[in-house]
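Notes follow the structure.
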Amino acid sequence: MNEHTLSKRLERVAANVPAGARLADIGSDHGYLPVALMRRGLITSAVAGEVATTPFHAAQRSVRDNGLEQQITVRLADGLAAIEPHDGITAISLCGMGGETIRDILESGKQHLSGQERLILQPNGGEQPLRQWLMDNGYTILSEELLLENRFYYEIIVAERAGPVAYTAEQLYFGPLQMQARSPAFIAKWQRMLRQKHKTLSSFERARQAVSQEKRQEIAQQARWIAALLA
Ligand SMILES: C[S@@+](CC[C@H](N)C(=O)[O-])C[C@H]1O[C@@H](n2cnc3c(N)ncnc32)[C@H](O)[C@@H]1O
C-alpha cells in the first residue's frame, strides 16, 4: 500500500469521501488516504492529523514527495485538535483504530465539530460503542459497508448529524443498515462470530470462578442475538 495504491479497505473509505470535500484524516499515519484523494483530484484540501511523531513525519514526507504542501496540512495533534476553524472541514475520516478509540476521540474533541461534517469511520472492532456514541450525539448512519481483506472483516460507517435517531440494542450491535441488507459478507462474519462466542462461553465454563456472571450473561445474550439473526 502507498499513496498511489490504497488497500482495499482504504479504497472503500476513499469512495465514501464526498467529492470536493475538505477532509480531516485523523490518525492519518503515512497520510496515504488524503494524498491519494488529492492526487486523484477528488478533494479540495485536507488536514492530516497524527498524535505520534513517527507517523507525523511519515505523513509530512508523503505530502512533500507528492508536492501537495499547499493543499494538505499535516499537524501533530491529539484527535480532533488537529482541526482549526479556518480549515472549513466538511468531512472527517477516522480509520484503522478501535471503535472505542474513535469514540473517545470524537467525544473528547466535540468542540472541534461544527455538526455539518460527514463522518467516515472505519473501526477495527468496537463498532457497537461507536454506534452508541453516534446515536447519543444525534448522528444518523447513512451507509455501512463490510468488507473482508486478509481474513479480517472491516466495517465502514458513514454518519451525519441529522437530528435525533433511535436504534435498538440489536441495531447498535449489528449495524442498522447491514441488518437490513444481509449481504453475504455480513452473514459470513456473524457465522464466524457465533462460533467464537460459543468457544468463549465454553472457556468460561471451564474457568467458572474467573469470569463474572455479568460478562457471561453479556456474551450469552450476544450469542442469542446472533443465532436469531442467522436463523
Ligand atoms: C493503525 S493506524 C491507521 C492509519 C490509517 N488511518 C489507516 O486506516 O490505514 C492508527 C494511527 O492513528 C494514530 N492515532 C491514534 N490515536 C490518535 C489520536 N488520539 N489522535 C491522532 N492520531 C491518533 C496512531 O498514531 C496511528 O498512526
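In the C-alpha cells, each chain is lettered A, B, ... as it comes, each chain's residues begin at 1, and ligands are numbered from 1 in order of appearance.
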Quiz prompt | range 121-123 of chain A surroundings by only C-alpha atoms, 12 Å radius, close-in-sequence under 3 positions cut, as a ChimeraX atom specification | solution = /A:9-14,16-17,24-27,91-103,105-106,118,126-131,134,141-147,152-160
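Residues in contact with Gln222 in chain A at up to 12 Å, not including ones fewer than 6 positions away on its chain and judged by only C-alpha atoms, are Gln128, Ala169, Glu170, Leu172, Tyr173, Phe174, Trp190, Met193, Leu194, Arg195, Gln196, Lys197, His198, Thr200, Leu201, Lys215, Arg216, Ala228 and Leu229 of chain A.
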Exercise. From a DSSP pass on the backbone, collect the residues of range 24-120 of chain A flagged as helix (DSSP H, G or I) and hand them back as a PyMOL selection string.
Key: chain A and resi 32-39+53-65+79-82+85-87+99-108+110-112
Exercise. Please provide as a VMD selection string all residues within 10 Å of range 81-86 of chain A, with the sequence filter that same-chain residues fewer than 2 positions apart are discarded (counting only C-alpha atoms).
Key: chain A and resid 23 to 27 46 to 51 73 to 79 88 to 89 92 105 108 to 114
Let me see the file: selected residues, N, CA and C atoms, as a short mmCIF file (atom, residue, chain, number, x, y, z; two decimals), in the first residue's frame.
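And here's out_9.cif as it stands now:
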```cif
data_model
loop_
_atom_site.label_atom_id
_atom_site.label_comp_id
_atom_site.auth_asym_id
_atom_site.auth_seq_id
_atom_site.Cartn_x
_atom_site.Cartn_y
_atom_site.Cartn_z
N LEU A 23 -11.18 17.61 3.77
CA LEU A 23 -11.13 16.41 4.62
C LEU A 23 -10.15 16.56 5.78
N ALA A 24 -10.55 16.12 6.96
CA ALA A 24 -9.61 15.94 8.06
C ALA A 24 -9.45 14.44 8.26
N ASP A 25 -8.26 13.93 8.02
CA ASP A 25 -8.00 12.50 8.24
C ASP A 25 -7.21 12.40 9.55
N ILE A 26 -7.91 11.92 10.56
CA ILE A 26 -7.33 11.90 11.91
C ILE A 26 -6.75 10.51 12.18
N GLY A 27 -5.50 10.47 12.61
CA GLY A 27 -4.80 9.19 12.76
C GLY A 27 -4.37 8.75 11.37
N ALA A 46 -6.97 19.11 2.54
CA ALA A 46 -7.02 18.15 3.65
C ALA A 46 -6.11 18.57 4.79
N VAL A 47 -6.48 18.08 5.95
CA VAL A 47 -5.63 18.13 7.13
C VAL A 47 -5.33 16.67 7.48
N ALA A 48 -4.06 16.34 7.68
CA ALA A 48 -3.70 15.00 8.15
C ALA A 48 -3.26 15.16 9.60
N GLY A 49 -3.99 14.60 10.52
CA GLY A 49 -3.68 14.73 11.95
C GLY A 49 -3.01 13.46 12.46
N GLU A 50 -1.98 13.63 13.24
CA GLU A 50 -1.29 12.49 13.86
C GLU A 50 -0.86 12.87 15.28
N VAL A 51 -1.01 11.92 16.19
CA VAL A 51 -0.63 12.17 17.57
C VAL A 51 0.82 11.72 17.83
N THR A 73 -2.31 19.99 4.92
CA THR A 73 -1.59 20.43 6.11
C THR A 73 -1.45 19.25 7.06
N VAL A 74 -0.25 18.97 7.48
CA VAL A 74 -0.02 17.87 8.42
C VAL A 74 0.17 18.48 9.81
N ARG A 75 -0.61 18.00 10.76
CA ARG A 75 -0.50 18.57 12.12
C ARG A 75 -0.26 17.47 13.14
N LEU A 76 0.64 17.77 14.07
CA LEU A 76 0.88 16.88 15.20
C LEU A 76 -0.10 17.29 16.29
N ALA A 77 -1.11 16.48 16.51
CA ALA A 77 -2.16 16.86 17.45
C ALA A 77 -2.91 15.63 17.91
N ASP A 78 -3.52 15.75 19.08
CA ASP A 78 -4.32 14.65 19.63
C ASP A 78 -5.75 14.75 19.07
N GLY A 79 -6.15 13.76 18.30
CA GLY A 79 -7.53 13.67 17.81
C GLY A 79 -7.97 14.89 17.02
N GLY A 88 -12.34 24.89 7.55
CA GLY A 88 -13.63 24.68 6.88
C GLY A 88 -13.87 23.22 6.52
N ILE A 89 -13.54 22.34 7.47
CA ILE A 89 -13.62 20.89 7.21
C ILE A 89 -15.07 20.46 6.95
N ILE A 92 -14.71 14.16 7.93
CA ILE A 92 -13.66 13.68 8.84
C ILE A 92 -13.56 12.16 8.70
N ILE A 105 -12.06 9.75 20.75
CA ILE A 105 -11.54 10.91 20.01
C ILE A 105 -12.69 11.85 19.67
N SER A 108 -13.96 13.48 23.09
CA SER A 108 -13.09 14.48 23.73
C SER A 108 -12.83 15.67 22.81
N GLY A 109 -13.13 15.52 21.52
CA GLY A 109 -12.88 16.62 20.59
C GLY A 109 -14.14 17.27 20.07
N LYS A 110 -15.25 17.03 20.78
CA LYS A 110 -16.57 17.53 20.33
C LYS A 110 -16.57 19.01 19.95
N GLN A 111 -15.79 19.80 20.71
CA GLN A 111 -15.80 21.26 20.47
C GLN A 111 -15.21 21.61 19.11
N HIS A 112 -14.54 20.65 18.46
CA HIS A 112 -13.98 20.92 17.13
C HIS A 112 -14.94 20.52 16.01
N LEU A 113 -16.09 19.98 16.39
CA LEU A 113 -17.08 19.56 15.38
C LEU A 113 -18.09 20.68 15.15
N SER A 114 -18.36 21.01 13.90
CA SER A 114 -19.39 22.02 13.63
C SER A 114 -20.76 21.35 13.57
#
```
Quiz prompt | Within 6 Å of Ser45 in chain A using only C-alpha atoms, minus same-chain residues under 3 positions, as a ChimeraX atom specification | solution = /A:22,71-72
Quiz item: Pick the closest to Asn2 in chain A from A:Gly175, A:Gly125, A:Pro34, A:Gly163: which is it, counting only C-alpha atoms?
Solution: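 When distances to Asn2 in chain A are compared using only C-alpha atoms, the smallest one comes from A:Pro34.
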Quiz item: Which is closest to ligand 1 among A:His57, A:Arg182, A:Arg151, A:His4, if we use only C-alpha atoms and all ligand atoms?
Solution: A:His57
Quiz item: So which one's closest to Pro55 in chain A, A:Gly31, A:Pro18, A:Pro164, A:Gly138? Using only C-alpha atoms, please.
Solution: A:Gly31
Quiz item: Using only C-alpha atoms and all ligand atoms, which of the listed residues (A:Ala223, A:Ala58, A:Ala181, A:Ala52) sits closest to ligand 1?
Solution: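 Between A:Ala223, A:Ala58, A:Ala181, A:Ala52, the residue approaching ligand 1 most closely is A:Ala52.
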Quiz item: Looking only at the backbone, which of the residues in chain A does DSSP tag as strand (DSSP E), as a PyMOL selection string?
Solution: chain A and resi 21-26+43-50+72-76+91-97+118-123+139-149+152-161
Export, as a short mmCIF file (atom, residue, chain, number, x, y, z; two decimals), in the first residue's frame, the selected residues with N, CA and C atoms.
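Writing the result to again.cif gives the following:
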```
data_model
loop_
_atom_site.label_atom_id
_atom_site.label_comp_id
_atom_site.auth_asym_id
_atom_site.auth_seq_id
_atom_site.Cartn_x
_atom_site.Cartn_y
_atom_site.Cartn_z
N ALA A 21 -14.60 17.48 -1.04
CA ALA A 21 -14.56 17.67 0.43
C ALA A 21 -13.29 18.38 0.88
N ARG A 22 -13.41 19.04 2.01
CA ARG A 22 -12.23 19.49 2.75
C ARG A 22 -12.13 18.50 3.92
N LEU A 23 -11.18 17.61 3.77
CA LEU A 23 -11.13 16.41 4.62
C LEU A 23 -10.15 16.56 5.78
N ALA A 24 -10.55 16.12 6.96
CA ALA A 24 -9.61 15.94 8.06
C ALA A 24 -9.45 14.44 8.26
N ASP A 25 -8.26 13.93 8.02
CA ASP A 25 -8.00 12.50 8.24
C ASP A 25 -7.21 12.40 9.55
N ILE A 26 -7.91 11.92 10.56
CA ILE A 26 -7.33 11.90 11.91
C ILE A 26 -6.75 10.51 12.18
N ILE A 43 -10.66 15.67 -3.78
CA ILE A 43 -10.96 16.56 -2.65
C ILE A 43 -10.30 17.92 -2.90
N THR A 44 -10.78 18.91 -2.15
CA THR A 44 -10.28 20.29 -2.35
C THR A 44 -9.03 20.54 -1.52
N SER A 45 -9.06 20.06 -0.26
CA SER A 45 -7.91 20.25 0.63
C SER A 45 -8.03 19.21 1.74
N ALA A 46 -6.97 19.11 2.54
CA ALA A 46 -7.02 18.15 3.65
C ALA A 46 -6.11 18.57 4.79
N VAL A 47 -6.48 18.08 5.95
CA VAL A 47 -5.63 18.13 7.13
C VAL A 47 -5.33 16.67 7.48
N ALA A 48 -4.06 16.34 7.68
CA ALA A 48 -3.70 15.00 8.15
C ALA A 48 -3.26 15.16 9.60
N GLY A 49 -3.99 14.60 10.52
CA GLY A 49 -3.68 14.73 11.95
C GLY A 49 -3.01 13.46 12.46
N GLU A 50 -1.98 13.63 13.24
CA GLU A 50 -1.29 12.49 13.86
C GLU A 50 -0.86 12.87 15.28
N ILE A 72 -2.43 20.07 1.48
CA ILE A 72 -2.57 19.19 2.66
C ILE A 72 -1.69 19.71 3.80
N THR A 73 -2.31 19.99 4.92
CA THR A 73 -1.59 20.43 6.11
C THR A 73 -1.45 19.25 7.06
N VAL A 74 -0.25 18.97 7.48
CA VAL A 74 -0.02 17.87 8.42
C VAL A 74 0.17 18.48 9.81
N ARG A 75 -0.61 18.00 10.76
CA ARG A 75 -0.50 18.57 12.12
C ARG A 75 -0.26 17.47 13.14
N LEU A 76 0.64 17.77 14.07
CA LEU A 76 0.88 16.88 15.20
C LEU A 76 -0.10 17.29 16.29
N ALA A 91 -15.58 16.96 5.94
CA ALA A 91 -15.63 15.50 6.16
C ALA A 91 -14.45 15.11 7.05
N ILE A 92 -14.71 14.16 7.93
CA ILE A 92 -13.66 13.68 8.84
C ILE A 92 -13.56 12.16 8.70
N SER A 93 -12.37 11.67 8.46
CA SER A 93 -12.17 10.22 8.45
C SER A 93 -11.35 9.81 9.66
N LEU A 94 -11.77 8.75 10.29
CA LEU A 94 -11.06 8.15 11.44
C LEU A 94 -11.02 6.66 11.15
N CYS A 95 -9.86 6.17 10.78
CA CYS A 95 -9.79 4.80 10.26
C CYS A 95 -8.67 4.01 10.90
N GLY A 96 -8.90 2.69 10.98
CA GLY A 96 -7.83 1.79 11.41
C GLY A 96 -7.54 1.84 12.89
N MET A 97 -8.49 2.33 13.67
CA MET A 97 -8.34 2.32 15.14
C MET A 97 -9.53 1.56 15.73
N ARG A 118 -19.43 15.31 7.46
CA ARG A 118 -19.73 13.89 7.29
C ARG A 118 -18.63 13.10 8.00
N LEU A 119 -19.00 12.12 8.78
CA LEU A 119 -18.01 11.27 9.45
C LEU A 119 -17.86 9.96 8.67
N ILE A 120 -16.64 9.62 8.33
CA ILE A 120 -16.38 8.34 7.66
C ILE A 120 -15.48 7.55 8.59
N LEU A 121 -16.06 6.54 9.20
CA LEU A 121 -15.40 5.84 10.30
C LEU A 121 -15.11 4.40 9.91
N GLN A 122 -13.89 3.97 10.18
CA GLN A 122 -13.56 2.56 9.88
C GLN A 122 -12.93 1.98 11.13
N PRO A 123 -13.79 1.52 12.06
CA PRO A 123 -13.29 0.94 13.30
C PRO A 123 -12.77 -0.48 13.09
N TYR A 139 -26.32 11.58 15.51
CA TYR A 139 -25.83 11.20 14.17
C TYR A 139 -26.66 10.04 13.61
N THR A 140 -27.07 10.20 12.36
CA THR A 140 -27.77 9.13 11.64
C THR A 140 -26.74 8.38 10.81
N ILE A 141 -26.87 7.08 10.80
CA ILE A 141 -25.96 6.26 9.97
C ILE A 141 -26.52 6.25 8.55
N LEU A 142 -25.74 6.82 7.62
CA LEU A 142 -26.20 6.95 6.23
C LEU A 142 -25.86 5.72 5.40
N SER A 143 -24.72 5.15 5.69
CA SER A 143 -24.37 3.92 4.98
C SER A 143 -23.39 3.12 5.83
N GLU A 144 -23.40 1.84 5.56
CA GLU A 144 -22.49 0.92 6.26
C GLU A 144 -21.99 -0.08 5.24
N GLU A 145 -20.72 -0.41 5.36
CA GLU A 145 -20.15 -1.36 4.44
C GLU A 145 -19.33 -2.35 5.23
N LEU A 146 -19.30 -3.57 4.78
CA LEU A 146 -18.48 -4.59 5.44
C LEU A 146 -17.63 -5.24 4.37
N LEU A 147 -16.33 -5.31 4.62
CA LEU A 147 -15.50 -5.98 3.62
C LEU A 147 -14.48 -6.87 4.30
N LEU A 148 -14.05 -7.85 3.53
CA LEU A 148 -13.08 -8.83 4.03
C LEU A 148 -11.76 -8.59 3.31
N GLU A 149 -10.71 -8.38 4.08
CA GLU A 149 -9.38 -8.23 3.49
C GLU A 149 -8.39 -8.95 4.38
N PHE A 152 -9.58 -10.49 7.60
CA PHE A 152 -10.19 -9.62 8.62
C PHE A 152 -11.42 -8.95 8.02
N TYR A 153 -12.45 -8.85 8.83
CA TYR A 153 -13.63 -8.09 8.42
C TYR A 153 -13.47 -6.65 8.88
N TYR A 154 -13.75 -5.71 7.98
CA TYR A 154 -13.68 -4.29 8.30
C TYR A 154 -15.02 -3.65 8.03
N GLU A 155 -15.44 -2.78 8.93
CA GLU A 155 -16.69 -2.04 8.72
C GLU A 155 -16.37 -0.59 8.41
N ILE A 156 -17.16 -0.01 7.54
CA ILE A 156 -17.07 1.42 7.27
C ILE A 156 -18.45 2.00 7.58
N ILE A 157 -18.45 2.97 8.47
CA ILE A 157 -19.71 3.57 8.92
C ILE A 157 -19.68 5.05 8.52
N VAL A 158 -20.68 5.46 7.78
CA VAL A 158 -20.76 6.86 7.35
C VAL A 158 -21.95 7.49 8.06
N ALA A 159 -21.70 8.63 8.71
CA ALA A 159 -22.77 9.23 9.51
C ALA A 159 -22.77 10.75 9.38
N GLU A 160 -23.96 11.30 9.53
CA GLU A 160 -24.10 12.76 9.56
C GLU A 160 -25.06 13.13 10.66
N ARG A 161 -24.88 14.34 11.19
CA ARG A 161 -25.77 14.79 12.25
C ARG A 161 -27.05 15.31 11.59
#
```
Quiz prompt | Using only C-alpha atoms: which of A:Lys8, A:Trp133, A:Lys199, A:Tyr32 has the shortest distance to Phe56 in chain A | solution = A:Tyr32
